Each structure stands twice: as structure tokens, then as C-alpha cells.
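Coordinates as given in run_22.txt (compact mmCIF, C-alpha atoms):
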```txt
# COMPACT_ATOMS: atom_id res chain seq x y z
CA MET A 1 82.74 56.92 8.94
CA LEU A 2 85.23 54.16 8.18
CA ARG A 3 84.77 50.72 6.64
CA PHE A 4 87.11 47.82 7.39
CA ASP A 5 87.46 44.89 5.01
CA ASN A 6 89.74 41.87 4.72
CA ILE A 7 90.35 40.43 1.26
CA ASP A 8 92.80 37.58 0.58
CA GLY A 9 94.53 38.16 3.90
CA CYS A 10 94.99 41.90 3.33
CA SER A 11 93.21 44.50 5.44
CA TYR A 12 91.67 47.62 3.94
CA ILE A 13 90.12 50.73 5.47
CA ASP A 14 88.24 53.25 3.37
CA THR A 15 86.13 56.26 4.16
CA MET A 16 82.35 56.43 3.89
CA PRO A 17 80.01 59.43 3.85
CA SER A 18 78.97 60.95 7.16
CA LEU A 19 75.40 60.56 8.33
CA HIS A 20 73.13 63.56 7.90
CA GLY A 21 72.01 63.55 11.51
CA TYR A 22 73.15 62.48 14.97
CA LYS A 23 71.80 59.13 16.18
CA HIS A 24 71.21 58.85 19.92
CA SER A 25 71.33 55.04 19.96
CA PRO A 26 71.88 53.75 16.41
CA LEU A 27 71.00 50.30 15.11
CA ALA A 28 72.82 49.01 12.03
CA ILE A 29 71.29 46.54 9.57
CA SER A 30 73.87 45.05 7.22
CA VAL A 31 72.50 43.90 3.85
CA PRO A 32 74.61 41.25 2.05
CA PRO A 33 75.87 41.88 -1.50
CA THR A 34 73.39 41.47 -4.33
CA ASP A 35 73.96 40.67 -8.00
CA LEU A 36 74.00 44.42 -8.66
CA HIS A 37 77.01 44.87 -6.37
CA LEU A 38 78.90 41.98 -7.92
CA LEU A 39 78.65 43.17 -11.52
CA ASP A 40 81.77 45.29 -11.21
CA GLY A 41 83.63 42.86 -8.95
CA GLU A 42 82.94 44.84 -5.79
CA ASP A 43 82.02 42.39 -3.03
CA THR A 44 80.11 44.81 -0.84
CA GLY A 45 76.60 45.38 0.47
CA ASP A 46 74.58 48.21 1.94
CA LEU A 47 74.17 49.45 5.50
CA TYR A 48 70.89 50.78 6.91
CA ILE A 49 71.07 52.81 10.13
CA ILE A 50 68.10 53.80 12.27
CA ASP A 51 67.96 55.48 15.65
CA SER A 52 66.46 53.12 18.23
CA VAL A 53 65.01 56.14 20.05
CA LEU A 54 62.75 57.86 17.54
CA HIS A 55 61.12 61.28 17.50
CA PRO A 56 58.94 60.87 14.39
CA ASP A 57 57.30 64.30 14.65
CA LYS A 58 60.75 65.86 14.13
CA ALA A 59 61.74 63.69 11.16
CA GLU A 60 61.71 66.61 8.69
CA VAL A 61 64.45 68.46 10.57
CA ARG A 62 66.21 65.50 12.19
CA PRO A 63 67.03 62.51 9.92
CA GLN A 64 66.58 59.30 11.91
CA PHE A 65 66.74 56.61 9.23
CA GLU A 66 69.54 56.56 6.65
CA ALA A 67 71.26 54.17 4.25
CA LEU A 68 74.85 53.86 3.10
CA VAL A 69 74.54 52.40 -0.39
CA TRP A 70 77.04 51.48 -3.11
CA ARG A 71 75.66 53.22 -6.18
CA GLY A 72 77.07 54.05 -9.58
CA ILE A 73 77.28 57.20 -11.65
CA THR A 74 77.38 56.68 -15.42
CA THR A 75 78.71 59.28 -17.85
CA SER A 76 79.38 59.18 -21.58
CA LEU A 77 82.97 58.13 -20.87
CA ALA A 78 82.83 55.75 -17.94
CA SER A 79 80.82 54.30 -15.09
CA HIS A 80 81.94 54.73 -11.50
CA ARG A 81 80.56 53.53 -8.19
CA PHE A 82 80.73 55.39 -4.90
CA TRP A 83 79.27 55.22 -1.41
CA HIS A 84 76.22 57.44 -0.96
CA CYS A 85 74.34 58.36 2.21
CA ASP A 86 70.59 58.65 1.64
CA ILE A 87 67.99 60.00 4.05
CA LEU A 88 65.04 57.62 4.28
CA PRO A 89 61.50 58.22 5.55
CA LEU A 90 60.04 56.73 8.70
CA PRO A 91 56.83 54.66 8.55
CA PRO A 92 53.99 57.06 7.64
CA TRP A 93 51.76 55.54 10.33
CA ILE A 94 53.95 56.97 13.13
CA ILE A 95 54.99 60.39 11.80
CA HIS A 96 52.65 62.15 14.24
CA HIS A 97 54.13 60.34 17.27
CA ARG A 98 56.35 62.31 19.63
CA ASN A 99 58.39 59.35 20.86
CA ALA A 100 58.83 55.74 19.82
CA LEU A 101 61.27 52.90 20.44
CA VAL A 102 62.54 50.38 17.90
CA TYR A 103 61.82 47.20 19.83
CA GLY A 104 63.24 44.68 17.35
CA HIS A 105 64.37 44.34 13.75
CA ALA A 106 65.15 41.64 11.20
CA LEU A 107 66.14 41.31 7.56
CA VAL A 108 63.52 39.22 5.75
CA GLY A 109 64.57 38.71 2.14
CA ASP A 110 64.82 42.14 0.50
CA THR A 111 62.81 43.78 3.29
CA VAL A 112 63.84 45.21 6.65
CA CYS A 113 61.17 44.65 9.31
CA PHE A 114 60.96 46.87 12.38
CA SER A 115 58.83 46.46 15.49
CA ILE A 116 58.20 49.92 16.93
CA SER A 117 56.63 50.58 20.32
CA GLY A 118 55.38 53.85 21.76
CA SER A 119 52.83 55.42 24.05
CA GLU A 120 50.48 55.74 21.08
CA GLY A 121 50.58 52.06 20.17
CA ASP A 122 52.71 49.20 18.86
CA GLY A 123 53.24 48.02 15.33
CA THR A 124 55.50 46.12 12.95
CA TYR A 125 56.45 47.85 9.70
CA CYS A 126 58.29 46.61 6.61
CA PHE A 127 60.71 48.72 4.58
CA HIS A 128 61.08 47.37 1.05
CA MET A 129 64.60 48.22 -0.06
CA ALA A 130 63.99 47.90 -3.81
CA THR A 131 61.14 50.44 -3.89
CA ARG A 132 61.99 52.30 -0.66
CA GLU A 133 58.35 52.08 0.35
CA TRP A 134 56.79 51.05 3.65
CA SER A 135 54.02 48.58 4.39
CA LYS A 136 52.39 47.81 7.72
CA ALA A 137 52.43 44.20 8.90
CA GLY A 138 50.13 44.72 11.87
CA ASP A 139 49.52 46.19 15.32
CA TRP A 140 51.80 43.68 17.04
CA LEU A 141 55.50 43.25 17.82
CA MET A 142 57.88 40.57 16.61
CA PRO A 143 59.02 38.30 19.47
CA PHE A 144 62.63 39.53 19.48
CA ASP A 145 64.33 42.18 21.59
CA GLY A 146 66.80 43.84 19.23
CA LYS A 147 68.27 42.08 16.20
CA ALA A 148 67.14 38.71 14.87
CA ASP A 149 69.55 36.82 12.58
CA TYR A 150 68.39 34.58 9.77
CA VAL A 151 69.94 31.10 9.51
CA PRO A 152 69.38 29.83 5.95
CA GLU A 153 70.28 26.24 6.86
CA LEU A 154 67.27 26.13 9.19
CA GLY A 155 64.99 28.70 7.56
CA LEU A 156 64.47 30.44 10.93
CA TRP A 157 65.42 33.65 12.75
CA PHE A 158 67.34 33.66 16.05
CA GLY A 159 67.73 36.31 18.71
CA VAL A 160 66.76 37.20 22.28
CA SER A 161 63.27 37.38 23.76
CA GLU A 162 62.82 38.58 27.34
CA ASP A 163 66.52 37.92 28.04
CA LEU A 164 66.38 34.32 26.73
CA PRO A 165 67.51 32.70 23.44
CA CYS A 166 64.60 32.57 21.02
CA VAL A 167 63.84 31.20 17.56
CA ALA A 168 60.88 32.08 15.33
CA ASP A 169 59.68 31.87 11.76
CA LEU A 170 59.38 35.43 10.42
CA SER A 171 58.84 34.49 6.78
CA GLY A 172 55.20 35.61 6.89
CA VAL A 173 55.79 39.02 8.48
CA VAL A 174 56.15 40.76 5.11
CA ARG A 175 52.71 39.37 4.20
CA GLY A 176 51.24 40.76 7.42
CA GLU A 177 51.27 37.46 9.32
CA GLU A 178 52.12 37.55 13.02
CA PRO A 179 54.45 34.66 14.03
CA PRO A 180 52.17 32.09 15.73
CA PRO A 181 53.20 30.47 19.04
CA GLU A 182 53.69 27.09 17.37
CA LYS A 183 56.41 28.65 15.20
CA MET A 184 58.39 30.01 18.16
CA ARG A 185 60.75 28.53 20.74
CA VAL A 186 62.34 30.07 23.84
CA TRP A 187 65.04 28.26 25.82
CA ALA A 188 65.19 28.86 29.58
CA HIS A 189 68.40 29.26 31.61
CA ASP A 190 67.34 26.87 34.37
CA ASP A 191 70.76 25.21 34.50
CA LEU A 192 72.55 28.30 35.87
CA PRO A 193 73.30 28.70 39.59
CA GLU A 194 70.47 30.40 41.43
CA GLU A 195 72.74 33.18 42.67
CA TRP A 196 73.56 34.23 39.09
CA GLN A 197 70.96 36.83 38.18
CA PRO A 198 70.64 38.92 34.98
CA THR A 199 72.02 42.42 35.39
CA GLN A 200 69.77 45.39 34.73
CA LEU A 201 72.55 47.30 32.96
CA PHE A 202 73.04 45.23 29.79
CA LYS A 203 70.83 43.00 27.68
CA PRO A 204 71.94 39.52 26.51
CA ARG A 205 73.33 39.13 23.01
CA VAL A 206 73.12 36.31 20.46
CA ILE A 207 75.90 36.36 17.85
CA SER A 208 75.48 34.12 14.82
CA LEU A 209 78.59 32.24 13.66
CA GLY A 210 76.81 30.64 10.71
CA SER A 211 75.52 27.10 10.07
CA GLY A 212 73.28 27.18 13.14
CA ARG A 213 76.10 27.96 15.59
CA PHE A 214 75.90 30.86 18.04
CA ILE A 215 77.61 32.57 20.92
CA VAL A 216 75.13 33.60 23.61
CA VAL A 217 76.42 36.36 25.87
CA ASP A 218 74.69 36.88 29.23
CA PHE A 219 75.55 39.75 31.56
CA LEU A 220 75.10 38.51 35.11
CA ASP A 221 75.37 39.58 38.74
CA ALA A 222 76.72 37.10 41.29
CA MET A 223 74.42 37.69 44.26
CA GLU A 224 75.79 37.37 47.80
CA PHE A 225 74.08 37.30 51.18
CA ASP A 226 74.81 40.38 53.27
CA LYS A 227 74.51 39.57 56.96
CA ASP A 228 74.35 43.24 57.97
CA CYS A 229 71.22 44.00 55.93
CA ASN A 230 69.98 40.40 55.97
CA GLU A 231 69.36 40.21 52.21
CA MET A 232 70.98 39.26 48.91
CA VAL A 233 73.10 41.99 47.31
CA THR A 234 75.09 42.28 44.10
CA GLY A 235 78.63 40.96 44.38
CA LYS A 236 80.79 40.45 41.32
CA GLN A 237 79.59 41.18 37.80
CA PHE A 238 80.62 39.23 34.73
CA ALA A 239 79.79 38.22 31.17
CA LEU A 240 79.07 34.56 30.43
CA PHE A 241 79.92 33.36 26.90
CA THR A 242 78.22 30.10 25.88
CA GLY A 243 78.68 28.27 22.60
CA MET A 244 75.41 26.86 21.28
CA GLU A 245 74.33 24.89 18.26
CA VAL A 246 70.81 24.58 16.91
CA ALA A 247 69.94 21.48 14.92
CA TYR A 248 67.10 19.14 14.06
CA GLY A 249 67.00 15.60 15.36
CA SER A 250 69.06 14.09 18.17
CA LYS A 251 72.60 15.25 17.36
CA GLY A 252 74.53 15.86 20.56
CA LYS A 253 73.05 16.40 23.99
CA SER A 254 70.30 18.97 24.38
CA ASP A 255 70.16 21.15 27.46
CA HIS A 256 66.49 20.20 27.83
CA ALA A 257 66.09 16.91 26.02
CA GLU A 258 62.72 16.24 27.55
CA HIS A 259 61.42 19.56 26.20
CA SER A 260 63.15 19.54 22.82
CA SER A 261 59.94 19.54 20.81
CA ILE A 262 56.78 21.59 20.68
CA ASN A 263 53.78 20.08 22.48
CA GLY A 264 55.65 16.82 22.88
CA ARG A 265 55.90 16.24 19.13
CA SER A 266 59.23 15.32 17.60
CA ASP A 267 58.25 14.04 14.17
CA GLY A 268 58.82 17.29 12.28
CA LYS A 269 62.00 17.90 10.36
CA GLY A 270 62.89 20.48 7.75
CA LYS A 271 63.42 24.14 7.11
CA GLY A 272 61.23 26.63 8.92
CA LEU A 273 59.97 24.12 11.50
CA THR A 274 60.47 24.49 15.25
CA ARG A 275 59.31 20.98 16.10
CA ALA A 276 62.17 18.74 17.29
CA LEU A 277 64.52 21.72 17.16
CA ARG A 278 67.28 21.22 19.73
CA MET A 279 69.57 23.77 21.37
CA ILE A 280 72.86 22.00 22.08
CA LYS A 281 75.05 23.72 24.65
CA HIS A 282 78.81 23.56 24.35
CA LYS A 283 81.48 25.18 26.51
CA SER A 284 80.96 28.32 28.59
CA GLY A 285 83.47 30.87 29.82
CA ARG A 286 83.27 33.84 32.19
CA TYR A 287 84.83 37.27 31.83
CA MET A 288 84.90 38.98 35.24
CA PHE A 289 84.42 42.74 35.40
CA ASN A 290 86.42 45.10 37.57
CA ASN A 291 86.48 48.83 38.22
CA GLN A 292 88.67 49.50 35.18
CA GLN A 293 87.36 47.05 32.58
CA ARG A 294 83.97 45.74 31.56
CA ILE A 295 82.27 44.58 28.38
CA GLU A 296 79.45 46.82 27.23
CA GLU A 297 78.84 45.56 23.68
CA VAL A 298 79.43 42.39 21.68
CA LEU A 299 79.19 42.47 17.88
```
Whole structure given in C-alpha cells:
Amino acid sequence: MLRFDNIDGCSYIDTMPSLHGYKHSPLAISVPPTDLHLLDGEDTGDLYIIDSVLHPDKAEVRPQFEALVWRGITTSLASHRFWHCDILPLPPWIIHHRNALVYGHALVGDTVCFSISGSEGDGTYCFHMATREWSKAGDWLMPFDGKADYVPELGLWFGVSEDLPCVADLSGVVRGEEPPPEKMRVWAHDDLPEEWQPTQLFKPRVISLGSGRFIVVDFLDAMEFDKDCNEMVTGKQFALFTGMEVAYGSKGKSDHAEHSSINGRSDGKGKGLTRALRMIKHKSGRYMFNNQQRIEEVL
């Protein structure tokens, strides 16, 4: 594996250890640098990688959760730090399951929370990085499909829920608290043309730019009416990039001003609150697909 970094305008590429096992559909959770990393001037963090398609009953022979960590080795003469690849356990509550799917994940403080769904039940589990131990939050799933990003300016997590932009307060998940409906918001795409329909091939993405600003990427089919078969069929396919900003109060023009607060209330303001939280849409741009080129992933 390779790591790319840019420091003071200079680009660097260094090698990292290989994973111990093949990942069918890996998910990467980047952990920002801590005080431990900064002691020796190395501005780096850790990387946790889990397979989104799990086979827990084969975990002993097939590593499915690993971590690339920056760890030191101290001798009598000097102290050195290197990248290490560690095999990590899966939640003990699912080790007897044959198949499971990582439905969503989020970094909550020093804990990585995973929502895992399978034929034998659903659950949300918390991996505590300091102790490398698991705890179970509950038999429920977090509201996000895939990754949820934390925005410290707002004290909330943002991602995608059922193909729509979503915000929720996940601060209580580590304590076993399921996010209540009053601490969630989902914004509908009712301003798009009716003939633009979500494709079944790719899921939407929400990319955080920091300070409550996002790029929302929707993969859409432009439906056309086929006179021969007398029904709507898929025409052109494209990706729609939309700049969005989330803020409290009345800054800018909201895409749904009349629904910009929960239960009609708009008196709340402050971190971790979804009342009076507005999603402000900025410019949008389309990238049309063709037979030779298409976008399959946005990071």
C-alpha cells in the first residue's frame, strides 16, 4: 500500500504494510492525528479498514478488520516509529454469523461505530481504539448508509440516508443511545426534474469540505418515453454535483425554507441541535457518462 501526503507544497509518497487478508469491498476509516502522533513531529493518523461484506464465522482464517497504525519501537539507543498493520477482532456478538453487511459507520470521538446487518439480526457496535475492545450499543442501526462525517462546528454527523442527505446527532451512540427522530433531519430532492431518477448502480455520496460545506453527488438516469414499448426507459446517465452548506438561522436561501425546522419550531440554535438547521443549496453541475467514461467513486 502507498500513502500520499502534501507538506509545504511538496508531495510525498511512502510505502505502508500490506493487509493480512483480501477485502472484498473495503471501507476505510481515517483517524486524525492525536497528541501521541505529534510528539515526534509526525503529523499523521491511523487508518482502520474493514470489509463491508463480512463472514464472521471465518474470522480466524480470514482477517476482515485491520488497522494501519503509526507506532514506535524504543531501544536502549533510540526510539523509532514505523507503520504497523494489526489484525483486529470483529464484534463478539456476531462471530457465529455466516454473513453480515456493514450498513453504516462513523467516528465518534475515540470510538469507531459500526451498524451491521445480517439475516440473524441487526446491531450497532462500538470499537474503542484506545483499549481495542468492543461494546454493543443496541439492536438497531444508525440512520446512515455508509460513512457519516462529523462537523465540529455544528456538533452533528452528516451522510446519506435512503439516497437523501441526512444529519443526525450520534453523540449518544457510544453510551447505547439510539438517535431519536427529533435529532435527525433528511432533505428531499423534490426540486429535481421528474424524469431524473436515481440509478440502481451507484449510491449517492456526501463529501465534507469542512465548516459545514459539502458536495452532494447523485448518480441519476434521465428517463425518456419510448413510443415503441409505451413506457419510460433509461436514456442518458450522469452524475450531479451540488454544493451545499448547512447552517443555523436564516443565512442564505434554503431549498425548503418552509420546512427548515423540526415540527415547525425555529427557536433552537447551537451545537448538536437540528432545530432551525438549514440546508442551503449552491451551484450544481452535471457530468454526463458515455460508453468509455463514467464515475464510479467519489472520495
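Protein and nucleic acid residues near (71.8, 32.4, 24.0) are Gly159, Val160, Asp163, Leu164, Pro165, Cys166, Trp187, His189, Pro204, Arg205, Val206, Ile207, Phe214, Ile215, Val216, Val217, Asp218, Phe241, Thr242, Gly243 and Met244 of chain A, the criterion being any atom at most 9 Å away using all atoms listed in the file.
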* Spatial neighbours of Gln64 of chain A, 7 Å, all atoms listed in the file, chain gap at least 4 places, as a PyMOL selection string -> chain A and resi 21+23+50-51+54+59
* Asked: Which is closest to Val61 of chain A among A:Ile87, A:Leu209, A:Leu154, A:Leu107, if we use all atoms listed in the file?
  -> A:Ile87
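The residue that comes closest to Val233 of chain A, out of A:Gln197, A:Ser171, A:Ser211, A:Ser119 and on the basis of all atoms listed in the file, is A:Gln197.
The smallest atom-to-atom distance between Asp145 of chain A and any of A:Thr44, A:Ser117, A:Ser284, A:Ser30, using only C-alpha atoms, is found for A:Ser117.
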* At a cut-off of 9 Å from (54.0, 45.1, 4.1) in the coordinates of the file, what residues are picked up using only C-alpha atoms, written as a ChimeraX atom specification? -> /A:111,113,125-128,134-138,173-176
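The closest residue to Ala100 of chain A, picked from A:Met129, A:His55, A:Ser115, A:Arg62 and counting only C-alpha atoms, is A:His55.
Atom to atom, atom CA of Gly104 of chain A and atom CA of Ser52 of chain A stand 9.1 Å apart.
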* To do: Excluding Phe202 of chain A and residues on its chain fewer than 4 positions from it, collect all residues at most 12 Å away from it, counting all atoms listed in the file, and give them as a PyMOL selection string.
  => chain A and resi 163+198+217-221+237-239+294-298
* To do: Might you pull out every residue within 7 Å of Arg213 of chain A, with only C-alpha atoms counted and same-chain residues fewer than 5 positions away left off, and present them as a VMD selection string?
  => chain A and resid 208 244 to 246
Suppose we keep C-alpha atoms; can you now write the selection as a compact mmCIF listing (two decimals), keeping the file's coordinate frame?
```
# COMPACT_ATOMS: atom_id res chain seq x y z
CA SER A 208 75.48 34.12 14.82
CA MET A 244 75.41 26.86 21.28
CA GLU A 245 74.33 24.89 18.26
CA VAL A 246 70.81 24.58 16.91
```
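As for atom CA of Glu120 of chain A and atom CA of Val53 of chain A, they are spaced 14.6 Å apart.
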